[in-house]
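The structure file structure-v4.pdb is reproduced below (PDB, C-alpha atoms and all ligand atoms).
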ATOM      1  CA  MET A  19     -40.059  43.770 -46.636
ATOM      2  CA  THR A  20     -43.745  43.052 -45.891
ATOM      3  CA  VAL A  21     -45.137  43.752 -42.439
ATOM      4  CA  ALA A  22     -48.416  41.957 -41.766
ATOM      5  CA  PRO A  23     -51.517  44.066 -41.114
ATOM      6  CA  THR A  24     -52.480  44.325 -37.489
ATOM      7  CA  VAL A  25     -55.692  43.586 -35.642
ATOM      8  CA  THR A  26     -56.861  45.494 -32.577
ATOM      9  CA  LEU A  27     -57.486  43.272 -29.561
ATOM     10  CA  SER A  28     -60.185  43.790 -26.945
ATOM     11  CA  ASN A  29     -57.758  45.658 -24.657
ATOM     12  CA  GLY A  30     -56.788  48.117 -27.433
ATOM     13  CA  MET A  31     -53.422  46.481 -28.228
ATOM     14  CA  THR A  32     -52.637  45.836 -31.867
ATOM     15  CA  ILE A  33     -50.872  42.688 -33.044
ATOM     16  CA  PRO A  34     -49.935  41.375 -36.500
ATOM     17  CA  MET A  35     -52.289  38.793 -38.010
ATOM     18  CA  VAL A  36     -49.222  36.719 -39.034
ATOM     19  CA  GLY A  37     -46.438  35.738 -36.651
ATOM     20  CA  LEU A  38     -43.747  33.096 -36.369
ATOM     21  CA  GLY A  39     -44.376  29.886 -34.457
ATOM     22  CA  THR A  40     -41.137  28.917 -32.733
ATOM     23  CA  TRP A  41     -41.999  25.416 -31.552
ATOM     24  CA  SER A  42     -39.261  23.034 -32.735
ATOM     25  CA  LEU A  43     -36.800  25.907 -33.258
ATOM     26  CA  ARG A  44     -33.931  25.542 -30.801
ATOM     27  CA  GLY A  45     -30.449  26.856 -30.147
ATOM     28  CA  ALA A  46     -28.543  28.562 -32.954
ATOM     29  CA  ALA A  47     -31.208  27.547 -35.509
ATOM     30  CA  CYS A  48     -33.841  29.330 -33.420
ATOM     31  CA  GLN A  49     -31.761  32.494 -33.164
ATOM     32  CA  GLN A  50     -31.074  32.437 -36.901
ATOM     33  CA  ALA A  51     -34.769  31.886 -37.655
ATOM     34  CA  ILE A  52     -35.679  34.925 -35.552
ATOM     35  CA  ARG A  53     -33.082  37.100 -37.258
ATOM     36  CA  THR A  54     -34.396  35.937 -40.628
ATOM     37  CA  ALA A  55     -37.988  36.506 -39.578
ATOM     38  CA  LEU A  56     -37.209  40.063 -38.466
ATOM     39  CA  GLU A  57     -35.500  40.748 -41.799
ATOM     40  CA  GLN A  58     -38.562  39.401 -43.617
ATOM     41  CA  GLY A  59     -40.881  41.682 -41.589
ATOM     42  CA  ILE A  60     -42.268  39.273 -38.986
ATOM     43  CA  ARG A  61     -42.940  41.056 -35.701
ATOM     44  CA  LEU A  62     -44.919  38.531 -33.615
ATOM     45  CA  PHE A  63     -43.081  35.588 -32.050
ATOM     46  CA  ASP A  64     -44.910  32.704 -30.411
ATOM     47  CA  SER A  65     -42.923  30.820 -27.769
ATOM     48  CA  ALA A  66     -43.800  28.832 -24.633
ATOM     49  CA  THR A  67     -42.034  27.544 -21.554
ATOM     50  CA  PHE A  68     -42.816  24.060 -22.939
ATOM     51  CA  TYR A  69     -40.818  24.748 -26.137
ATOM     52  CA  GLY A  70     -37.617  25.127 -24.118
ATOM     53  CA  ASN A  71     -36.491  27.989 -26.357
ATOM     54  CA  GLU A  72     -37.389  31.188 -24.478
ATOM     55  CA  ALA A  73     -33.714  31.890 -23.769
ATOM     56  CA  GLU A  74     -32.833  31.720 -27.474
ATOM     57  CA  VAL A  75     -35.911  33.700 -28.485
ATOM     58  CA  GLY A  76     -35.078  36.378 -25.913
ATOM     59  CA  GLN A  77     -31.419  36.491 -26.885
ATOM     60  CA  ALA A  78     -32.188  36.915 -30.589
ATOM     61  CA  LEU A  79     -34.789  39.613 -29.918
ATOM     62  CA  ARG A  80     -32.530  41.497 -27.489
ATOM     63  CA  ALA A  81     -29.719  41.439 -30.057
ATOM     64  CA  ALA A  82     -32.073  42.849 -32.693
ATOM     65  CA  LEU A  83     -33.261  45.537 -30.281
ATOM     66  CA  SER A  84     -29.768  46.613 -29.313
ATOM     67  CA  SER A  85     -28.609  46.765 -32.919
ATOM     68  CA  GLY A  86     -31.642  48.924 -33.782
ATOM     69  CA  ILE A  87     -33.119  46.487 -36.343
ATOM     70  CA  VAL A  88     -36.463  46.760 -34.582
ATOM     71  CA  LYS A  89     -38.013  48.803 -31.778
ATOM     72  CA  ARG A  90     -39.511  47.092 -28.740
ATOM     73  CA  GLU A  91     -42.938  48.618 -29.391
ATOM     74  CA  GLU A  92     -42.981  46.994 -32.849
ATOM     75  CA  LEU A  93     -42.534  43.511 -31.382
ATOM     76  CA  VAL A  94     -45.215  41.229 -29.984
ATOM     77  CA  VAL A  95     -43.677  38.524 -27.809
ATOM     78  CA  VAL A  96     -45.976  35.705 -26.768
ATOM     79  CA  THR A  97     -45.207  32.918 -24.334
ATOM     80  CA  LYS A  98     -47.247  30.337 -22.441
ATOM     81  CA  LEU A  99     -47.321  28.688 -19.048
ATOM     82  CA  TYR A 100     -47.780  24.919 -19.140
ATOM     83  CA  PRO A 101     -50.316  23.182 -16.831
ATOM     84  CA  ASN A 102     -47.534  21.568 -14.778
ATOM     85  CA  GLU A 103     -46.469  25.142 -13.891
ATOM     86  CA  PHE A 104     -49.923  26.392 -12.863
ATOM     87  CA  ALA A 105     -49.534  25.352  -9.210
ATOM     88  CA  HIS A 106     -46.424  27.548  -8.935
ATOM     89  CA  ALA A 107     -47.408  30.119 -11.528
ATOM     90  CA  LYS A 108     -45.647  33.068  -9.867
ATOM     91  CA  ALA A 109     -42.256  31.344  -9.860
ATOM     92  CA  ALA A 110     -42.836  29.845 -13.311
ATOM     93  CA  PHE A 111     -43.698  33.240 -14.733
ATOM     94  CA  ALA A 112     -40.632  34.792 -13.061
ATOM     95  CA  ALA A 113     -38.419  32.131 -14.655
ATOM     96  CA  SER A 114     -40.011  32.645 -18.065
ATOM     97  CA  PHE A 115     -39.611  36.427 -17.718
ATOM     98  CA  ALA A 116     -35.941  36.002 -16.800
ATOM     99  CA  ARG A 117     -35.281  33.633 -19.713
ATOM    100  CA  LEU A 118     -36.793  36.053 -22.223
ATOM    101  CA  GLY A 119     -34.912  38.929 -20.600
ATOM    102  CA  LEU A 120     -37.181  41.656 -21.957
ATOM    103  CA  ASP A 121     -38.646  44.651 -20.094
ATOM    104  CA  TYR A 122     -42.106  43.189 -20.520
ATOM    105  CA  ILE A 123     -43.874  40.316 -22.271
ATOM    106  CA  ASP A 124     -46.696  41.235 -24.603
ATOM    107  CA  ILE A 125     -49.020  38.278 -24.116
ATOM    108  CA  VAL A 126     -48.878  35.281 -21.783
ATOM    109  CA  LEU A 127     -51.223  32.371 -22.542
ATOM    110  CA  LEU A 128     -52.336  29.430 -20.464
ATOM    111  CA  HIS A 129     -51.131  26.592 -22.715
ATOM    112  CA  HIS A 130     -54.023  24.246 -21.846
ATOM    113  CA  PRO A 131     -57.083  24.129 -19.617
ATOM    114  CA  ALA A 132     -56.504  22.469 -16.231
ATOM    115  CA  SER A 133     -58.230  22.359 -12.855
ATOM    116  CA  ASP A 134     -55.940  25.087 -11.497
ATOM    117  CA  ALA A 135     -56.055  27.267 -14.628
ATOM    118  CA  VAL A 136     -58.116  30.025 -12.975
ATOM    119  CA  ALA A 137     -55.700  30.311 -10.041
ATOM    120  CA  ALA A 138     -52.724  30.504 -12.417
ATOM    121  CA  TYR A 139     -54.481  33.103 -14.547
ATOM    122  CA  ARG A 140     -55.151  35.224 -11.454
ATOM    123  CA  VAL A 141     -51.420  35.196 -10.736
ATOM    124  CA  LEU A 142     -50.827  36.407 -14.288
ATOM    125  CA  GLU A 143     -53.475  39.113 -13.794
ATOM    126  CA  GLN A 144     -51.232  40.487 -11.037
ATOM    127  CA  GLU A 145     -48.361  40.594 -13.537
ATOM    128  CA  VAL A 146     -50.536  42.686 -15.852
ATOM    129  CA  GLN A 147     -51.176  45.076 -12.925
ATOM    130  CA  ARG A 148     -47.399  45.229 -12.292
ATOM    131  CA  GLY A 149     -46.714  46.014 -15.952
ATOM    132  CA  THR A 150     -44.559  42.956 -16.649
ATOM    133  CA  VAL A 151     -47.232  41.618 -19.057
ATOM    134  CA  ARG A 152     -49.471  43.611 -21.401
ATOM    135  CA  ALA A 153     -52.212  41.055 -22.021
ATOM    136  CA  LEU A 154     -53.316  37.514 -21.259
ATOM    137  CA  GLY A 155     -54.687  34.778 -23.462
ATOM    138  CA  LEU A 156     -55.614  31.115 -23.660
ATOM    139  CA  SER A 157     -54.755  28.109 -25.774
ATOM    140  CA  ASN A 158     -56.708  24.933 -26.457
ATOM    141  CA  PHE A 159     -59.833  26.325 -24.834
ATOM    142  CA  TYR A 160     -63.073  25.320 -26.565
ATOM    143  CA  GLN A 161     -66.733  26.219 -25.914
ATOM    144  CA  GLN A 162     -67.147  24.432 -22.585
ATOM    145  CA  GLU A 163     -63.784  25.522 -21.209
ATOM    146  CA  LEU A 164     -64.377  29.149 -22.203
ATOM    147  CA  ALA A 165     -67.870  29.192 -20.696
ATOM    148  CA  ALA A 166     -66.573  27.852 -17.389
ATOM    149  CA  PHE A 167     -63.396  29.936 -17.279
ATOM    150  CA  LEU A 168     -64.358  33.431 -18.404
ATOM    151  CA  PRO A 169     -66.801  34.331 -15.592
ATOM    152  CA  GLN A 170     -64.090  33.556 -13.023
ATOM    153  CA  VAL A 171     -61.423  36.010 -14.217
ATOM    154  CA  SER A 172     -61.176  39.811 -14.207
ATOM    155  CA  ILE A 173     -58.967  40.531 -17.225
ATOM    156  CA  LYS A 174     -60.469  39.261 -20.448
ATOM    157  CA  PRO A 175     -58.131  37.040 -22.487
ATOM    158  CA  VAL A 176     -57.290  38.747 -25.779
ATOM    159  CA  LEU A 177     -56.698  35.634 -27.845
ATOM    160  CA  ASP A 178     -57.308  31.887 -27.931
ATOM    161  CA  GLN A 179     -54.734  29.819 -29.830
ATOM    162  CA  ASN A 180     -56.104  26.516 -31.131
ATOM    163  CA  GLU A 181     -55.334  23.840 -33.722
ATOM    164  CA  ILE A 182     -57.067  25.080 -36.875
ATOM    165  CA  HIS A 183     -56.313  23.988 -40.451
ATOM    166  CA  PRO A 184     -58.265  22.729 -43.475
ATOM    167  CA  PHE A 185     -58.813  19.260 -41.965
ATOM    168  CA  TYR A 186     -59.790  20.619 -38.521
ATOM    169  CA  GLN A 187     -61.547  23.908 -39.012
ATOM    170  CA  GLU A 188     -63.321  24.521 -35.683
ATOM    171  CA  GLN A 189     -66.306  25.901 -37.590
ATOM    172  CA  ASP A 190     -68.352  25.695 -34.390
ATOM    173  CA  VAL A 191     -65.699  27.072 -31.989
ATOM    174  CA  VAL A 192     -64.367  30.033 -33.973
ATOM    175  CA  PRO A 193     -67.652  32.032 -33.932
ATOM    176  CA  VAL A 194     -67.971  31.410 -30.180
ATOM    177  CA  ILE A 195     -64.437  32.692 -29.548
ATOM    178  CA  LYS A 196     -65.186  35.771 -31.655
ATOM    179  CA  ASP A 197     -68.510  36.389 -29.890
ATOM    180  CA  TYR A 198     -66.563  36.715 -26.639
ATOM    181  CA  GLY A 199     -64.475  39.437 -28.327
ATOM    182  CA  ILE A 200     -61.437  37.131 -28.316
ATOM    183  CA  LEU A 201     -59.156  36.730 -31.340
ATOM    184  CA  PRO A 202     -58.839  33.141 -32.598
ATOM    185  CA  GLN A 203     -55.256  32.276 -33.605
ATOM    186  CA  ALA A 204     -54.392  29.077 -35.482
ATOM    187  CA  TRP A 205     -51.577  26.754 -34.513
ATOM    188  CA  TYR A 206     -50.553  23.995 -36.947
ATOM    189  CA  PRO A 207     -52.002  25.960 -39.878
ATOM    190  CA  PHE A 208     -50.406  23.382 -42.216
ATOM    191  CA  GLY A 209     -51.043  20.383 -39.947
ATOM    192  CA  GLY A 210     -47.670  20.544 -38.194
ATOM    193  CA  ARG A 211     -44.289  19.120 -39.106
ATOM    194  CA  GLY A 212     -44.554  15.655 -40.648
ATOM    195  CA  HIS A 213     -48.100  16.316 -41.876
ATOM    196  CA  THR A 214     -47.805  19.454 -43.998
ATOM    197  CA  HIS A 215     -47.686  17.436 -47.217
ATOM    198  CA  GLU A 216     -51.131  15.969 -46.551
ATOM    199  CA  ILE A 217     -52.656  19.446 -46.492
ATOM    200  CA  LEU A 218     -50.412  21.312 -48.923
ATOM    201  CA  ALA A 219     -50.674  18.563 -51.581
ATOM    202  CA  HIS A 220     -54.441  18.162 -51.263
ATOM    203  CA  PRO A 221     -55.969  18.335 -54.782
ATOM    204  CA  VAL A 222     -58.398  21.152 -53.873
ATOM    205  CA  ILE A 223     -55.591  23.261 -52.422
ATOM    206  CA  LYS A 224     -53.303  22.465 -55.357
ATOM    207  CA  GLU A 225     -56.000  23.508 -57.809
ATOM    208  CA  LEU A 226     -56.518  26.824 -55.964
ATOM    209  CA  SER A 227     -52.750  27.310 -55.822
ATOM    210  CA  ALA A 228     -52.505  26.973 -59.616
ATOM    211  CA  ARG A 229     -55.512  29.196 -60.293
ATOM    212  CA  TYR A 230     -54.548  32.010 -57.889
ATOM    213  CA  ARG A 231     -50.825  31.631 -58.718
ATOM    214  CA  ARG A 232     -49.998  31.384 -55.021
ATOM    215  CA  THR A 233     -48.344  28.567 -53.139
ATOM    216  CA  PRO A 234     -50.544  26.012 -51.336
ATOM    217  CA  ALA A 235     -49.297  27.463 -48.023
ATOM    218  CA  GLN A 236     -50.465  30.921 -49.067
ATOM    219  CA  ILE A 237     -53.901  29.555 -49.998
ATOM    220  CA  VAL A 238     -54.249  27.978 -46.544
ATOM    221  CA  LEU A 239     -53.063  31.056 -44.657
ATOM    222  CA  ARG A 240     -55.224  33.397 -46.733
ATOM    223  CA  TRP A 241     -58.262  31.177 -46.058
ATOM    224  CA  LEU A 242     -57.584  31.396 -42.304
ATOM    225  CA  LEU A 243     -57.117  35.177 -42.416
ATOM    226  CA  GLN A 244     -60.366  35.607 -44.381
ATOM    227  CA  ARG A 245     -62.102  33.702 -41.588
ATOM    228  CA  GLY A 246     -60.745  36.300 -39.157
ATOM    229  CA  ILE A 247     -58.207  33.874 -37.688
ATOM    230  CA  ALA A 248     -54.642  35.041 -36.958
ATOM    231  CA  VAL A 249     -51.811  32.601 -37.789
ATOM    232  CA  VAL A 250     -48.429  31.553 -36.389
ATOM    233  CA  PRO A 251     -46.912  29.240 -39.014
ATOM    234  CA  GLY A 252     -43.621  27.685 -37.980
ATOM    235  CA  SER A 253     -40.660  28.062 -40.304
ATOM    236  CA  GLY A 254     -36.912  28.261 -40.364
ATOM    237  CA  SER A 255     -36.834  29.214 -44.038
ATOM    238  CA  ALA A 256     -36.542  32.789 -45.323
ATOM    239  CA  ALA A 257     -38.397  31.891 -48.533
ATOM    240  CA  HIS A 258     -41.279  30.336 -46.592
ATOM    241  CA  MET A 259     -41.451  33.254 -44.161
ATOM    242  CA  ALA A 260     -41.623  35.695 -47.081
ATOM    243  CA  GLN A 261     -44.435  33.641 -48.639
ATOM    244  CA  ASN A 262     -46.272  33.477 -45.331
ATOM    245  CA  LEU A 263     -46.328  37.280 -45.189
ATOM    246  CA  ALA A 264     -47.260  37.855 -48.837
ATOM    247  CA  LEU A 265     -50.953  37.283 -48.303
ATOM    248  CA  PHE A 266     -52.469  40.716 -48.542
ATOM    249  CA  ASP A 267     -52.650  41.435 -52.262
ATOM    250  CA  PHE A 268     -55.148  38.728 -53.189
ATOM    251  CA  ALA A 269     -58.416  37.314 -51.866
ATOM    252  CA  LEU A 270     -60.131  33.949 -52.207
ATOM    253  CA  ASP A 271     -63.630  34.295 -53.603
ATOM    254  CA  GLU A 272     -66.674  33.019 -51.771
ATOM    255  CA  ALA A 273     -66.987  29.832 -53.832
ATOM    256  CA  ASP A 274     -63.378  28.936 -53.092
ATOM    257  CA  MET A 275     -63.810  29.693 -49.379
ATOM    258  CA  THR A 276     -66.762  27.289 -49.492
ATOM    259  CA  ALA A 277     -64.715  24.665 -51.343
ATOM    260  CA  LEU A 278     -62.065  24.882 -48.609
ATOM    261  CA  SER A 279     -64.678  24.699 -45.862
ATOM    262  CA  ARG A 280     -65.698  21.297 -47.290
ATOM    263  CA  LEU A 281     -62.258  19.850 -46.516
ATOM    264  CA  ASP A 282     -63.148  19.847 -42.816
ATOM    265  CA  CYS A 283     -63.029  16.217 -41.675
ATOM    266  CA  GLY A 284     -62.464  16.642 -37.938
ATOM    267  CA  ARG A 285     -58.902  15.362 -38.279
ATOM    268  CA  LYS A 286     -56.608  16.716 -35.579
ATOM    269  CA  PHE A 287     -52.861  16.253 -35.831
ATOM    270  CA  ASP A 288     -52.271  16.588 -32.105
ATOM    271  CA  TRP A 289     -54.071  15.356 -29.033
ATOM    272  CA  TYR A 290     -55.208  18.589 -27.394
TER     273      TYR A 290
HETATM  274  N1  LIG A 301     -50.730  26.347 -28.395
HETATM  275  C1  LIG A 301     -50.430  25.105 -28.706
HETATM  276  O1  LIG A 301     -50.851  24.143 -28.046
HETATM  277  C2  LIG A 301     -49.555  24.851 -29.890
HETATM  278  C3  LIG A 301     -49.323  23.534 -30.326
HETATM  279  C4  LIG A 301     -48.508  23.354 -31.440
HETATM  280  C5  LIG A 301     -47.968  24.441 -32.100
HETATM  281  N2  LIG A 301     -48.204  25.712 -31.629
HETATM  282  C6  LIG A 301     -47.638  26.912 -32.306
HETATM  283  O2  LIG A 301     -47.982  26.864 -33.673
HETATM  284  C7  LIG A 301     -46.809  27.028 -34.438
HETATM  285  C8  LIG A 301     -46.978  26.366 -35.785
HETATM  286  O3  LIG A 301     -46.908  24.967 -35.640
HETATM  287  P1  LIG A 301     -45.791  24.097 -36.372
HETATM  288  O4  LIG A 301     -44.626  24.947 -36.674
HETATM  289  O5  LIG A 301     -45.566  22.916 -35.551
HETATM  290  O6  LIG A 301     -46.574  23.609 -37.661
HETATM  291  P2  LIG A 301     -47.038  24.317 -39.030
HETATM  292  O7  LIG A 301     -46.896  25.799 -38.957
HETATM  293  O8  LIG A 301     -48.374  23.753 -39.397
HETATM  294  O9  LIG A 301     -46.002  23.700 -40.030
HETATM  295  C9  LIG A 301     -44.643  24.002 -39.973
HETATM  296  C10 LIG A 301     -44.017  23.297 -41.147
HETATM  297  O10 LIG A 301     -44.469  23.953 -42.342
HETATM  298  C11 LIG A 301     -43.359  24.297 -43.131
HETATM  299  N3  LIG A 301     -43.673  25.556 -43.801
HETATM  300  C12 LIG A 301     -43.773  26.784 -43.260
HETATM  301  N4  LIG A 301     -44.102  27.696 -44.197
HETATM  302  C13 LIG A 301     -44.200  27.018 -45.363
HETATM  303  C14 LIG A 301     -44.489  27.399 -46.692
HETATM  304  N5  LIG A 301     -44.753  28.662 -47.011
HETATM  305  N6  LIG A 301     -44.513  26.439 -47.652
HETATM  306  C15 LIG A 301     -44.254  25.136 -47.349
HETATM  307  N7  LIG A 301     -43.977  24.711 -46.097
HETATM  308  C16 LIG A 301     -43.940  25.652 -45.116
HETATM  309  C17 LIG A 301     -42.184  24.410 -42.195
HETATM  310  O11 LIG A 301     -40.988  24.099 -42.872
HETATM  311  P3  LIG A 301     -39.778  25.167 -43.018
HETATM  312  O12 LIG A 301     -39.147  25.309 -41.666
HETATM  313  O13 LIG A 301     -38.912  24.530 -44.043
HETATM  314  O14 LIG A 301     -40.406  26.453 -43.498
HETATM  315  C18 LIG A 301     -42.517  23.346 -41.153
HETATM  316  O15 LIG A 301     -42.057  22.075 -41.558
HETATM  317  C19 LIG A 301     -45.719  26.421 -33.551
HETATM  318  O16 LIG A 301     -44.425  26.817 -33.944
HETATM  319  C20 LIG A 301     -46.114  26.970 -32.212
HETATM  320  O17 LIG A 301     -45.672  28.306 -32.082
HETATM  321  C21 LIG A 301     -48.995  25.932 -30.546
END
Write-out of the structure in structure tokens:
Amino acid sequence: MTVAPTVTLSNGMTIPMVGLGTWSLRGAACQQAIRTALEQGIRLFDSATFYGNEAEVGQALRAALSSGIVKREELVVVTKLYPNEFAHAKAAFAASFARLGLDYIDIVLLHHPASDAVAAYRVLEQEVQRGTVRALGLSNFYQQELAAFLPQVSIKPVLDQNEIHPFYQEQDVVPVIKDYGILPQAWYPFGGRGHTHEILAHPVIKELSARYRRTPAQIVLRWLLQRGIAVVPGSGSAAHMAQNLALFDFALDEADMTALSRLDCGRKFDWY
């Protein structure tokens, strides 16, 4: 079993650089995916109220905790409040907390910027004071949004989760996020379901895959990690999860990092 190396966040918490994205995992399949992920060594789970799967995520994690497969302090549970919940953030958080059914949530993100994002974040700051949440973060915040948002809040967000993959690399945004002392985390590392083939079958990535004797997915994830970007690939497959963790015994050389940086074409696979 491989457990991903951790990174220390600005508040002193440590989290694994590789987690499991749970979007599109629902019901029994979601619970099975979480059991499989725990067996493979995955310890960070990325959910959201919007995914409609917090109950399943919580149930699978609670079952693993009570059977002793994992200890609570080894887990990092991430969820997000959606903009349509910001106006009633206290109640929305309470519902999310109840669905997960854990003693505390590790990190709560604002899923998107919105006009009432600061007010919602301040509500979540109170949850950090109460001990129901350990840290706060953002998602889909870019330079302008960060510059406007950060001076208005007291607790610094620990991470910013954005769409980042070979075709949409955020070469300008990532250094800005890091300069704030915030960890960038990539969603859709393979372009998202329905698009993974376009990235994983790209000739440059296939050539690197053959030369490094790693799968195309491992080349992409390793490239993100070498840029200092944490990853939450989605998967329901044990073999894929194992691959997505087996990233720490090889390194892409500088020329190959440069070759991958040239694939950036500003192509997003989602609207935000
Ligand atoms: N903050 C946001 O706004 C936002 C938006 C979208 C997504 N997200 C987060 O990002 C996570 C990742 O996004 P995603 O799951 O939609 O897309 P993704 O990680 O880019 O791609 C998932 C797809 O890749 C496949 N896959 C996984 N590992 C693989 C491997 N080693 N080799 C080949 N194929 C592999 C999966 O199939 P198998 O199931 O067969 O492995 C699945 O079809 C989401 O689950 C969610 O947590 C956040």
Show me which residues line ligand LIG 301 (chain A), defined as having an atom within 6 Å of a ligand atom where all atoms listed in the file count, and present them as a list in words.
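Using all atoms listed in the file, everything at most 6 Å from ligand LIG 301 (chain A) comes to Gly39, Thr40, Trp41, Asp64, Ser65, His129, Ser157, Gln179, Trp205, Tyr206, Pro207, Phe208, Gly209, Gly210, Arg211, Thr214, Ala235, Val250, Pro251, Gly252, Ser253, Gly254, Ser255, His258, Gln261 and Asn262 of chain A.
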My list of candidates is A:Val192, A:Ala110, A:Leu270, A:Ile123. Which is closest to Ile223 (chain A) when distances are computed with all atoms listed in the file?
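Going through A:Val192, A:Ala110, A:Leu270, A:Ile123 one by one, the smallest distance to Ile223 (chain A) is for A:Leu270.
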Show which residues sit within 12 Å of Met259 (chain A), as an MDAnalysis selection string. Count only C-alpha atoms, and ignore same-chain residues fewer than 6 positions away.
chainID A and resid 19:22 36:39 51:61 235:236 239 250:253 265
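Using all atoms listed in the file, the smallest distance between any of A:Tyr198, A:Tyr122, A:Phe159, A:Phe167 and Gln147 (chain A) comes from A:Tyr122.
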Chain and number of each residue from the PyMOL selection byres (((chain A and resi 234) around 8) and not hetatm), as a count of residues only
12
Which value, in Å to one decimal, gives the distance between CA of Val94 (chain A) and CA of Asp267 (chain A)?
23.5 Å
With distances taken over all atoms listed in the file, which residue among A:Ala113, A:Ala248, A:Val191, A:Ile182 lies nearest Asp288 (chain A)?
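Looking at the shortest contact to Asp288 (chain A), the residue is A:Ile182.
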Assuming the input is short of atoms at region 89-103 of chain A, produce N, CA and C atoms for that part as a PDB file, keeping the file's coordinate frame.
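Writing the result to rebuild16.pdb gives the following:
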ATOM      1  N   LYS A  89     -37.762  48.136 -33.070  1.00  0.00           N
ATOM      2  CA  LYS A  89     -38.013  48.803 -31.778  1.00  0.00           C
ATOM      3  C   LYS A  89     -38.905  47.892 -30.935  1.00  0.00           C
ATOM      4  N   ARG A  90     -38.743  47.981 -29.619  1.00  0.00           N
ATOM      5  CA  ARG A  90     -39.511  47.092 -28.740  1.00  0.00           C
ATOM      6  C   ARG A  90     -41.012  47.217 -28.993  1.00  0.00           C
ATOM      7  N   GLU A  91     -41.485  48.439 -29.227  1.00  0.00           N
ATOM      8  CA  GLU A  91     -42.938  48.618 -29.391  1.00  0.00           C
ATOM      9  C   GLU A  91     -43.457  48.009 -30.693  1.00  0.00           C
ATOM     10  N   GLU A  92     -42.541  47.649 -31.603  1.00  0.00           N
ATOM     11  CA  GLU A  92     -42.981  46.994 -32.849  1.00  0.00           C
ATOM     12  C   GLU A  92     -43.132  45.484 -32.657  1.00  0.00           C
ATOM     13  N   LEU A  93     -42.536  44.969 -31.601  1.00  0.00           N
ATOM     14  CA  LEU A  93     -42.534  43.511 -31.382  1.00  0.00           C
ATOM     15  C   LEU A  93     -43.739  43.065 -30.558  1.00  0.00           C
ATOM     16  N   VAL A  94     -44.205  41.867 -30.839  1.00  0.00           N
ATOM     17  CA  VAL A  94     -45.215  41.229 -29.984  1.00  0.00           C
ATOM     18  C   VAL A  94     -44.652  39.870 -29.580  1.00  0.00           C
ATOM     19  N   VAL A  95     -44.309  39.743 -28.313  1.00  0.00           N
ATOM     20  CA  VAL A  95     -43.677  38.524 -27.809  1.00  0.00           C
ATOM     21  C   VAL A  95     -44.712  37.769 -26.977  1.00  0.00           C
ATOM     22  N   VAL A  96     -44.947  36.536 -27.411  1.00  0.00           N
ATOM     23  CA  VAL A  96     -45.976  35.705 -26.768  1.00  0.00           C
ATOM     24  C   VAL A  96     -45.291  34.492 -26.147  1.00  0.00           C
ATOM     25  N   THR A  97     -45.652  34.182 -24.907  1.00  0.00           N
ATOM     26  CA  THR A  97     -45.207  32.918 -24.334  1.00  0.00           C
ATOM     27  C   THR A  97     -46.374  32.287 -23.576  1.00  0.00           C
ATOM     28  N   LYS A  98     -46.139  31.078 -23.058  1.00  0.00           N
ATOM     29  CA  LYS A  98     -47.247  30.337 -22.441  1.00  0.00           C
ATOM     30  C   LYS A  98     -46.757  29.613 -21.201  1.00  0.00           C
ATOM     31  N   LEU A  99     -47.610  29.537 -20.208  1.00  0.00           N
ATOM     32  CA  LEU A  99     -47.321  28.688 -19.048  1.00  0.00           C
ATOM     33  C   LEU A  99     -47.989  27.343 -19.261  1.00  0.00           C
ATOM     34  N   TYR A 100     -47.265  26.269 -18.937  1.00  0.00           N
ATOM     35  CA  TYR A 100     -47.780  24.919 -19.140  1.00  0.00           C
ATOM     36  C   TYR A 100     -48.538  24.469 -17.882  1.00  0.00           C
ATOM     37  N   PRO A 101     -49.539  23.590 -18.015  1.00  0.00           N
ATOM     38  CA  PRO A 101     -50.316  23.182 -16.831  1.00  0.00           C
ATOM     39  C   PRO A 101     -49.471  22.689 -15.649  1.00  0.00           C
ATOM     40  N   ASN A 102     -48.337  22.033 -15.926  1.00  0.00           N
ATOM     41  CA  ASN A 102     -47.534  21.568 -14.778  1.00  0.00           C
ATOM     42  C   ASN A 102     -46.830  22.725 -14.057  1.00  0.00           C
ATOM     43  N   GLU A 103     -47.021  23.958 -14.558  1.00  0.00           N
ATOM     44  CA  GLU A 103     -46.469  25.142 -13.891  1.00  0.00           C
ATOM     45  C   GLU A 103     -47.561  25.933 -13.164  1.00  0.00           C
TER      46      GLU A 103
END
